[in-house]
>>> print(open('entry_30.txt').read())   # compact mmCIF, C-alpha atoms
# COMPACT_ATOMS: atom_id res chain seq x y z
CA GLY A 1 14.62 7.12 -8.87
CA ALA A 2 11.31 7.55 -6.98
CA VAL A 3 12.61 6.59 -3.54
CA VAL A 4 10.58 7.20 -0.41
CA SER A 5 12.11 6.90 3.04
CA GLN A 6 10.56 6.71 6.48
CA HIS A 7 12.07 7.47 9.85
CA PRO A 8 12.23 5.82 12.25
CA SER A 9 11.91 2.27 10.96
CA ARG A 10 10.95 1.03 14.41
CA VAL A 11 9.82 2.81 17.54
CA ILE A 12 8.77 1.58 20.96
CA CYS A 13 7.08 4.01 23.29
CA LYS A 14 5.16 4.11 26.51
CA SER A 15 1.41 4.50 26.58
CA GLY A 16 0.38 8.15 26.65
CA THR A 17 3.38 9.52 24.80
CA SER A 18 3.42 10.99 21.29
CA VAL A 19 5.40 9.64 18.39
CA LYS A 20 6.36 11.40 15.17
CA ILE A 21 6.99 9.50 11.95
CA GLU A 22 8.62 11.18 8.96
CA CYS A 23 8.05 10.36 5.31
CA ARG A 24 10.40 11.81 2.71
CA SER A 25 10.52 11.65 -1.05
CA LEU A 26 14.25 11.57 -1.70
CA ASP A 27 14.57 12.26 -5.41
CA PHE A 28 11.26 13.76 -6.48
CA GLN A 29 8.73 16.30 -5.36
CA ALA A 30 5.50 14.90 -3.99
CA THR A 31 2.42 17.07 -4.07
CA THR A 32 0.42 14.35 -2.39
CA MET A 33 1.41 11.90 0.30
CA PHE A 34 -0.72 9.18 1.76
CA TRP A 35 -0.60 7.45 5.14
CA TYR A 36 -1.64 3.83 5.55
CA ARG A 37 -1.88 1.55 8.56
CA GLN A 38 -1.39 -2.19 8.47
CA PHE A 39 -2.19 -4.49 11.38
CA PRO A 40 -0.49 -7.91 11.54
CA LYS A 41 -1.58 -10.28 8.78
CA GLN A 42 -3.98 -7.69 7.41
CA SER A 43 -4.15 -5.38 4.46
CA LEU A 44 -3.13 -1.75 4.19
CA MET A 45 -5.84 0.69 5.15
CA LEU A 46 -5.74 4.29 3.98
CA MET A 47 -5.75 6.68 6.92
CA ALA A 48 -5.37 10.07 5.31
CA THR A 49 -4.35 12.01 2.24
CA SER A 50 -1.98 14.90 2.66
CA ASN A 51 -1.44 17.67 0.14
CA GLU A 52 1.46 20.07 0.48
CA GLY A 53 0.44 23.27 2.19
CA SER A 54 -3.10 22.24 3.05
CA LYS A 55 -4.94 20.28 5.70
CA ALA A 56 -4.99 16.52 5.43
CA THR A 57 -8.13 14.65 4.45
CA TYR A 58 -8.90 11.80 6.82
CA GLU A 59 -10.72 8.59 6.03
CA GLN A 60 -13.88 7.75 7.91
CA GLY A 61 -13.14 6.42 11.37
CA VAL A 62 -9.66 7.95 11.63
CA GLU A 63 -9.38 10.54 14.40
CA LYS A 64 -7.71 13.66 13.05
CA ASP A 65 -6.85 14.91 16.53
CA LYS A 66 -5.08 11.68 17.34
CA PHE A 67 -3.19 11.30 14.07
CA LEU A 68 -1.76 14.70 13.25
CA ILE A 69 -0.45 15.08 9.73
CA ASN A 70 1.76 17.87 8.49
CA HIS A 71 2.90 18.23 4.88
CA ALA A 72 5.04 21.32 5.09
CA SER A 73 7.15 20.80 1.98
CA LEU A 74 7.06 18.91 -1.30
CA THR A 75 9.41 16.29 0.08
CA LEU A 76 8.29 15.80 3.67
CA SER A 77 5.15 14.71 5.46
CA THR A 78 4.95 13.80 9.13
CA LEU A 79 2.47 11.71 11.06
CA THR A 80 2.26 12.26 14.80
CA VAL A 81 0.44 9.69 16.88
CA THR A 82 -0.65 11.62 19.96
CA SER A 83 -1.24 9.99 23.34
CA ALA A 84 -0.44 6.61 21.90
CA HIS A 85 -2.10 3.50 23.33
CA PRO A 86 -1.36 -0.19 22.79
CA GLU A 87 -4.15 -0.46 20.22
CA ASP A 88 -2.23 2.06 18.08
CA SER A 89 0.57 -0.45 17.69
CA SER A 90 0.78 -1.12 13.98
CA PHE A 91 2.87 -0.82 10.83
CA TYR A 92 2.53 2.69 9.41
CA ILE A 93 3.39 3.10 5.74
CA CYS A 94 3.47 6.27 3.69
CA SER A 95 3.37 6.70 -0.05
CA ALA A 96 4.12 9.66 -2.26
CA ARG A 97 2.79 10.73 -5.62
CA GLY A 98 5.02 12.69 -7.95
CA ALA A 99 4.21 16.29 -8.75
CA SER A 100 4.55 15.93 -12.49
CA GLY A 101 6.02 13.70 -15.13
CA TYR A 102 4.82 10.54 -13.43
CA ILE A 103 2.20 8.09 -14.57
CA THR A 104 -1.17 9.04 -13.16
CA GLY A 105 -2.04 6.96 -10.14
CA GLU A 106 1.43 5.67 -9.39
CA GLN A 107 2.36 5.93 -5.75
CA PHE A 108 5.76 5.08 -4.36
CA PHE A 109 5.74 3.47 -0.95
CA GLY A 110 8.10 3.93 1.94
CA PRO A 111 9.56 0.98 3.87
CA GLY A 112 7.17 1.45 6.78
CA THR A 113 7.50 2.24 10.49
CA ARG A 114 6.76 -0.39 13.12
CA LEU A 115 5.17 1.28 16.15
CA THR A 116 4.89 -0.65 19.39
CA VAL A 117 3.13 1.00 22.31
CA LEU A 118 3.75 -0.59 25.68
CA GLY B 1 -16.55 2.13 1.63
CA GLN B 2 -15.16 0.34 -1.37
CA GLN B 3 -13.87 -3.16 -0.84
CA LEU B 4 -11.73 -5.46 -2.91
CA ASN B 5 -12.22 -9.21 -2.66
CA GLN B 6 -8.91 -10.92 -3.28
CA SER B 7 -8.49 -14.65 -3.66
CA PRO B 8 -7.08 -17.02 -2.84
CA GLN B 9 -6.05 -15.98 0.66
CA SER B 10 -3.01 -18.25 0.49
CA MET B 11 -1.38 -20.61 -1.96
CA PHE B 12 0.99 -23.49 -1.38
CA ILE B 13 2.70 -24.46 -4.62
CA GLN B 14 5.74 -26.28 -5.91
CA GLU B 15 8.63 -24.38 -7.41
CA GLY B 16 8.13 -24.07 -11.15
CA GLU B 17 4.35 -24.01 -11.03
CA ASP B 18 2.25 -21.19 -12.39
CA VAL B 19 0.24 -19.00 -10.01
CA SER B 20 -2.98 -17.14 -10.52
CA MET B 21 -4.76 -14.75 -8.19
CA ASN B 22 -7.57 -12.29 -8.70
CA CYS B 23 -9.46 -9.38 -7.25
CA THR B 24 -13.05 -8.33 -7.70
CA SER B 25 -14.97 -5.29 -6.64
CA SER B 26 -18.59 -4.24 -6.51
CA SER B 27 -17.62 -0.80 -7.78
CA ILE B 28 -15.58 0.52 -10.68
CA PHE B 29 -11.92 1.40 -10.41
CA ASN B 30 -10.03 3.51 -12.92
CA THR B 31 -6.66 2.03 -12.06
CA TRP B 32 -5.66 -1.42 -10.89
CA LEU B 33 -2.31 -2.09 -9.31
CA TRP B 34 -0.54 -5.20 -8.10
CA TYR B 35 2.02 -5.04 -5.29
CA LYS B 36 4.29 -7.51 -3.51
CA GLN B 37 5.15 -7.03 0.15
CA ASP B 38 7.95 -8.79 1.97
CA PRO B 39 7.81 -9.06 5.78
CA GLY B 40 8.54 -5.80 7.54
CA GLU B 41 8.76 -3.79 4.33
CA GLY B 42 6.57 -1.52 2.28
CA PRO B 43 4.77 -2.80 -0.81
CA VAL B 44 6.60 -2.74 -4.12
CA LEU B 45 4.71 -2.08 -7.34
CA LEU B 46 4.72 -5.00 -9.77
CA ILE B 47 2.27 -3.98 -12.48
CA ALA B 48 -0.01 -1.00 -13.04
CA LEU B 49 -3.09 -1.14 -15.27
CA TYR B 50 -4.80 1.99 -16.53
CA LYS B 51 -7.28 0.90 -19.22
CA ALA B 52 -10.16 -1.55 -19.16
CA GLY B 53 -9.17 -4.71 -20.98
CA GLU B 54 -5.47 -3.92 -20.74
CA LEU B 55 -3.14 -6.89 -20.52
CA THR B 56 0.35 -6.10 -19.28
CA SER B 57 3.40 -8.23 -18.65
CA ASN B 58 6.48 -7.66 -16.51
CA GLY B 59 8.86 -10.59 -16.92
CA ARG B 60 7.12 -13.68 -15.59
CA LEU B 61 4.19 -11.61 -14.35
CA THR B 62 1.07 -10.90 -16.35
CA ALA B 63 -1.91 -8.88 -15.19
CA GLN B 64 -5.16 -7.83 -16.79
CA PHE B 65 -7.61 -5.03 -16.11
CA GLY B 66 -11.10 -6.48 -16.43
CA ILE B 67 -13.32 -5.08 -19.16
CA THR B 68 -15.98 -4.13 -16.61
CA ARG B 69 -13.33 -2.29 -14.55
CA LYS B 70 -14.43 -4.31 -11.54
CA ASP B 71 -11.81 -7.03 -11.57
CA SER B 72 -8.20 -7.88 -12.28
CA PHE B 73 -6.00 -10.93 -12.21
CA LEU B 74 -2.29 -11.53 -11.76
CA ASN B 75 -0.47 -14.56 -13.12
CA ILE B 76 3.04 -15.62 -12.23
CA SER B 77 4.63 -18.20 -14.48
CA ALA B 78 7.31 -20.70 -13.51
CA SER B 79 7.47 -19.66 -9.86
CA ILE B 80 10.84 -19.40 -8.12
CA PRO B 81 11.69 -19.23 -4.40
CA SER B 82 12.04 -15.43 -4.39
CA ASP B 83 8.40 -15.12 -5.43
CA VAL B 84 7.43 -15.97 -1.86
CA GLY B 85 5.59 -13.11 -0.19
CA ILE B 86 2.24 -11.42 0.06
CA TYR B 87 0.66 -10.06 -3.09
CA PHE B 88 -1.89 -7.28 -2.89
CA CYS B 89 -4.19 -5.89 -5.49
CA ALA B 90 -5.10 -2.24 -5.16
CA GLY B 91 -7.63 -0.08 -6.90
CA GLN B 92 -7.89 3.63 -7.42
CA ALA B 93 -11.38 4.93 -8.01
CA GLY B 94 -10.58 8.46 -9.01
CA GLY B 95 -7.54 10.12 -10.42
CA GLY B 96 -3.95 10.12 -9.32
CA ALA B 97 -4.68 12.20 -6.26
CA ASP B 98 -6.76 9.47 -4.63
CA GLY B 99 -5.52 6.96 -2.12
CA LEU B 100 -5.60 3.26 -2.85
CA THR B 101 -8.03 0.59 -1.72
CA PHE B 102 -6.17 -2.64 -1.07
CA GLY B 103 -7.30 -6.24 -1.24
CA LYS B 104 -6.61 -8.50 1.72
CA GLY B 105 -3.63 -10.12 0.09
CA THR B 106 -2.60 -13.52 -1.23
CA HIS B 107 0.15 -15.23 0.73
CA LEU B 108 2.29 -17.22 -1.69
CA ILE B 109 4.31 -20.08 -0.23
CA ILE B 110 6.59 -22.12 -2.46
CA GLN B 111 7.65 -25.60 -1.51
CA PRO B 112 10.97 -26.70 -2.96
>>> encode(input="entry_30.txt", output="structure tokens")
Amino acid sequence: GAVVSQHPSRVICKSGTSVKIECRSLDFQATTMFWYRQFPKQSLMLMATSNEGSKATYEQGVEKDKFLINHASLTLSTLTVTSAHPEDSSFYICSARGASGYITGEQFFGPGTRLTVL
Amino acid sequence: GQQLNQSPQSMFIQEGEDVSMNCTSSSIFNTWLWYKQDPGEGPVLLIALYKAGELTSNGRLTAQFGITRKDSFLNISASIPSDVGIYFCAGQAGGGADGLTFGKGTHLIIQP
């Protein structure tokens, strides 16, 4: 149980285009989903926290108009990178926290999405 | 923002050796977590610690939540080739609804 998927696993796009990444909790309901970004050989950095049915909360320095987050259901959150540029190339990882019955604090991570902007 | 200092940055060890890595913080965390990440994949939870002073084992892995709530260590005993990877500590300052602050990782390399 507690499986989180991401789609696509890899995406290559041209500079200036928008890219949507999906994060799904497959076998549990997630009231909260988190989006992280990881540059090569670096740690994961929290970008935003997304609660179902409400606006996402962005970390300092993360542009909310550039990284659009939608958490429309208890099993799906999407991250859209708008007008992508080469510096947005990174590994984007989501995590999901169970609605109930799960140990407080435990987040289940997706396999990540490798974004390359040409 | 909060930062976690994780050390060592990398370790080169022989198969069968024990491994120890740790994380420290200038601020208090209510939860400490240890993850392992293989290349191109998301992190996988190894051990979660929820109480100051807690010592928890998971097979060959042992982790402790420091009594001051500002540090944690992870030990791996009798390392095997599949232990190779990057290990991250992560802290959660608030409750379960908070995102995680990650350390910079320890890259474990095992020489046969």
>>> residues_around(input="entry_30.txt", residues="Thr57 (chain A)", least_positions_apart="5", cutoff="8 Å", atoms="only C-alpha atoms", output="count of residues only")
3
>>> atom_distance(input="entry_30.txt", atom1="CA of Arg60 (chain B)", atom2="CA of Gln6 (chain B)")
20.4 Å
>>> closest_atom_pairs(input="entry_30.txt", of="chain A", to="chain B", cutoff="12 Å", atoms="only C-alpha atoms", output="JSON lines")
{"residue": "A:Ala2", "atom": "CA", "partner": "B:Val44", "partner_atom": "CA", "distance": 11.7}
{"residue": "A:Val3", "atom": "CA", "partner": "B:Val44", "partner_atom": "CA", "distance": 11.1}
{"residue": "A:Val4", "atom": "CA", "partner": "B:Gly42", "partner_atom": "CA", "distance": 10.0}
{"residue": "A:Ser5", "atom": "CA", "partner": "B:Gly42", "partner_atom": "CA", "distance": 10.1}
{"residue": "A:Gln6", "atom": "CA", "partner": "B:Gly42", "partner_atom": "CA", "distance": 10.1}
{"residue": "A:Ser9", "atom": "CA", "partner": "B:Gly40", "partner_atom": "CA", "distance": 9.4}
{"residue": "A:Arg10", "atom": "CA", "partner": "B:Gly40", "partner_atom": "CA", "distance": 10.0}
{"residue": "A:Ala30", "atom": "CA", "partner": "B:Ala97", "partner_atom": "CA", "distance": 10.8}
{"residue": "A:Thr31", "atom": "CA", "partner": "B:Ala97", "partner_atom": "CA", "distance": 8.9}
{"residue": "A:Thr32", "atom": "CA", "partner": "B:Ala97", "partner_atom": "CA", "distance": 6.8}
{"residue": "A:Met33", "atom": "CA", "partner": "B:Gly99", "partner_atom": "CA", "distance": 8.8}
{"residue": "A:Phe34", "atom": "CA", "partner": "B:Gly99", "partner_atom": "CA", "distance": 6.6}
{"residue": "A:Trp35", "atom": "CA", "partner": "B:Gly99", "partner_atom": "CA", "distance": 8.8}
{"residue": "A:Tyr36", "atom": "CA", "partner": "B:Gly99", "partner_atom": "CA", "distance": 9.1}
{"residue": "A:Arg37", "atom": "CA", "partner": "B:Gly42", "partner_atom": "CA", "distance": 11.0}
{"residue": "A:Gln38", "atom": "CA", "partner": "B:Gly42", "partner_atom": "CA", "distance": 10.1}
{"residue": "A:Phe39", "atom": "CA", "partner": "B:Lys104", "partner_atom": "CA", "distance": 11.4}
{"residue": "A:Pro40", "atom": "CA", "partner": "B:Gly40", "partner_atom": "CA", "distance": 10.1}
{"residue": "A:Lys41", "atom": "CA", "partner": "B:Lys104", "partner_atom": "CA", "distance": 8.8}
{"residue": "A:Gln42", "atom": "CA", "partner": "B:Lys104", "partner_atom": "CA", "distance": 6.3}
{"residue": "A:Ser43", "atom": "CA", "partner": "B:Lys104", "partner_atom": "CA", "distance": 4.8}
{"residue": "A:Leu44", "atom": "CA", "partner": "B:Phe102", "partner_atom": "CA", "distance": 6.1}
{"residue": "A:Met45", "atom": "CA", "partner": "B:Phe102", "partner_atom": "CA", "distance": 7.1}
{"residue": "A:Leu46", "atom": "CA", "partner": "B:Gly99", "partner_atom": "CA", "distance": 6.7}
{"residue": "A:Met47", "atom": "CA", "partner": "B:Gly99", "partner_atom": "CA", "distance": 9.0}
{"residue": "A:Ala48", "atom": "CA", "partner": "B:Gly99", "partner_atom": "CA", "distance": 8.1}
{"residue": "A:Thr49", "atom": "CA", "partner": "B:Gly99", "partner_atom": "CA", "distance": 6.8}
{"residue": "A:Ser50", "atom": "CA", "partner": "B:Ala97", "partner_atom": "CA", "distance": 9.7}
{"residue": "A:Asn51", "atom": "CA", "partner": "B:Ala97", "partner_atom": "CA", "distance": 9.0}
{"residue": "A:Thr57", "atom": "CA", "partner": "B:Gly99", "partner_atom": "CA", "distance": 10.4}
{"residue": "A:Tyr58", "atom": "CA", "partner": "B:Gly99", "partner_atom": "CA", "distance": 10.7}
{"residue": "A:Glu59", "atom": "CA", "partner": "B:Gly1", "partner_atom": "CA", "distance": 9.8}
{"residue": "A:Gln60", "atom": "CA", "partner": "B:Gly1", "partner_atom": "CA", "distance": 8.8}
{"residue": "A:Gly61", "atom": "CA", "partner": "B:Gly1", "partner_atom": "CA", "distance": 11.2}
{"residue": "A:Ser90", "atom": "CA", "partner": "B:Gly40", "partner_atom": "CA", "distance": 11.1}
{"residue": "A:Phe91", "atom": "CA", "partner": "B:Gly40", "partner_atom": "CA", "distance": 8.2}
{"residue": "A:Tyr92", "atom": "CA", "partner": "B:Gly42", "partner_atom": "CA", "distance": 9.2}
{"residue": "A:Ile93", "atom": "CA", "partner": "B:Gly42", "partner_atom": "CA", "distance": 6.6}
{"residue": "A:Cys94", "atom": "CA", "partner": "B:Gly42", "partner_atom": "CA", "distance": 8.5}
{"residue": "A:Ser95", "atom": "CA", "partner": "B:Gly42", "partner_atom": "CA", "distance": 9.1}
{"residue": "A:Ala96", "atom": "CA", "partner": "B:Ala97", "partner_atom": "CA", "distance": 10.0}
{"residue": "A:Arg97", "atom": "CA", "partner": "B:Ala97", "partner_atom": "CA", "distance": 7.6}
{"residue": "A:Gly98", "atom": "CA", "partner": "B:Gly96", "partner_atom": "CA", "distance": 9.4}
{"residue": "A:Ala99", "atom": "CA", "partner": "B:Ala97", "partner_atom": "CA", "distance": 10.1}
{"residue": "A:Ser100", "atom": "CA", "partner": "B:Gly96", "partner_atom": "CA", "distance": 10.8}
{"residue": "A:Tyr102", "atom": "CA", "partner": "B:Gly96", "partner_atom": "CA", "distance": 9.7}
{"residue": "A:Ile103", "atom": "CA", "partner": "B:Gly96", "partner_atom": "CA", "distance": 8.3}
{"residue": "A:Thr104", "atom": "CA", "partner": "B:Gly96", "partner_atom": "CA", "distance": 4.9}
{"residue": "A:Gly105", "atom": "CA", "partner": "B:Gly96", "partner_atom": "CA", "distance": 3.8}
{"residue": "A:Glu106", "atom": "CA", "partner": "B:Gly96", "partner_atom": "CA", "distance": 7.0}
{"residue": "A:Gln107", "atom": "CA", "partner": "B:Gly96", "partner_atom": "CA", "distance": 8.4}
{"residue": "A:Phe108", "atom": "CA", "partner": "B:Leu45", "partner_atom": "CA", "distance": 7.8}
{"residue": "A:Phe109", "atom": "CA", "partner": "B:Gly42", "partner_atom": "CA", "distance": 6.0}
{"residue": "A:Gly110", "atom": "CA", "partner": "B:Gly42", "partner_atom": "CA", "distance": 5.7}
{"residue": "A:Pro111", "atom": "CA", "partner": "B:Gly42", "partner_atom": "CA", "distance": 4.2}
{"residue": "A:Gly112", "atom": "CA", "partner": "B:Gly42", "partner_atom": "CA", "distance": 5.4}
{"residue": "A:Thr113", "atom": "CA", "partner": "B:Gly40", "partner_atom": "CA", "distance": 8.6}
{"residue": "A:Arg114", "atom": "CA", "partner": "B:Gly40", "partner_atom": "CA", "distance": 8.0}
{"residue": "A:Leu115", "atom": "CA", "partner": "B:Gly40", "partner_atom": "CA", "distance": 11.6}
>>> atom_distance(input="entry_30.txt", atom1="CA of Glu87 (chain A)", atom2="CA of Glu52 (chain A)")
29.0 Å
>>> residues_around(input="entry_30.txt", residues="Ser10 (chain B)", least_positions_apart="6", cutoff="8 Å", atoms="all atoms listed in the file", output="short mmCIF file (atom, residue, chain, number, x, y, z; two decimals) with C-alpha atoms, in the coordinates of the input")
data_model
loop_
_atom_site.label_atom_id
_atom_site.label_comp_id
_atom_site.auth_asym_id
_atom_site.auth_seq_id
_atom_site.Cartn_x
_atom_site.Cartn_y
_atom_site.Cartn_z
CA THR B 106 -2.60 -13.52 -1.23
CA HIS B 107 0.15 -15.23 0.73
CA LEU B 108 2.29 -17.22 -1.69
CA ILE B 109 4.31 -20.08 -0.23
#
>>> atom_distance(input="entry_30.txt", atom1="CA of Val19 (chain A)", atom2="CA of Lys55 (chain A)")
19.5 Å
>>> residues_around(input="entry_30.txt", residues="Leu118 (chain A)", least_positions_apart="2", cutoff="10 Å", atoms="all atoms listed in the file", output="ChimeraX atom specification")
/A:12-16,84-87,89,115-116
>>> closest_residue(input="entry_30.txt", among="B:Met11, B:Ile110, B:Leu55, B:Ile67", to="Ile80 (chain B)", atoms="all atoms listed in the file")
B:Ile110
>>> closest_residue(input="entry_30.txt", among="B:Thr62, B:Asn75, B:Ser82, B:Gln111", to="Asp18 (chain B)", atoms="only C-alpha atoms")
B:Asn75
>>> axis_aligned_box(input="entry_30.txt", around="region 76-88 of chain B", padding_each_side="6 Å", output="lines of an AutoDock Vina configuration file")
center_x = 5.1
center_y = -14.0
center_z = -7.2
size_x = 25.9
size_y = 25.4
size_z = 26.5
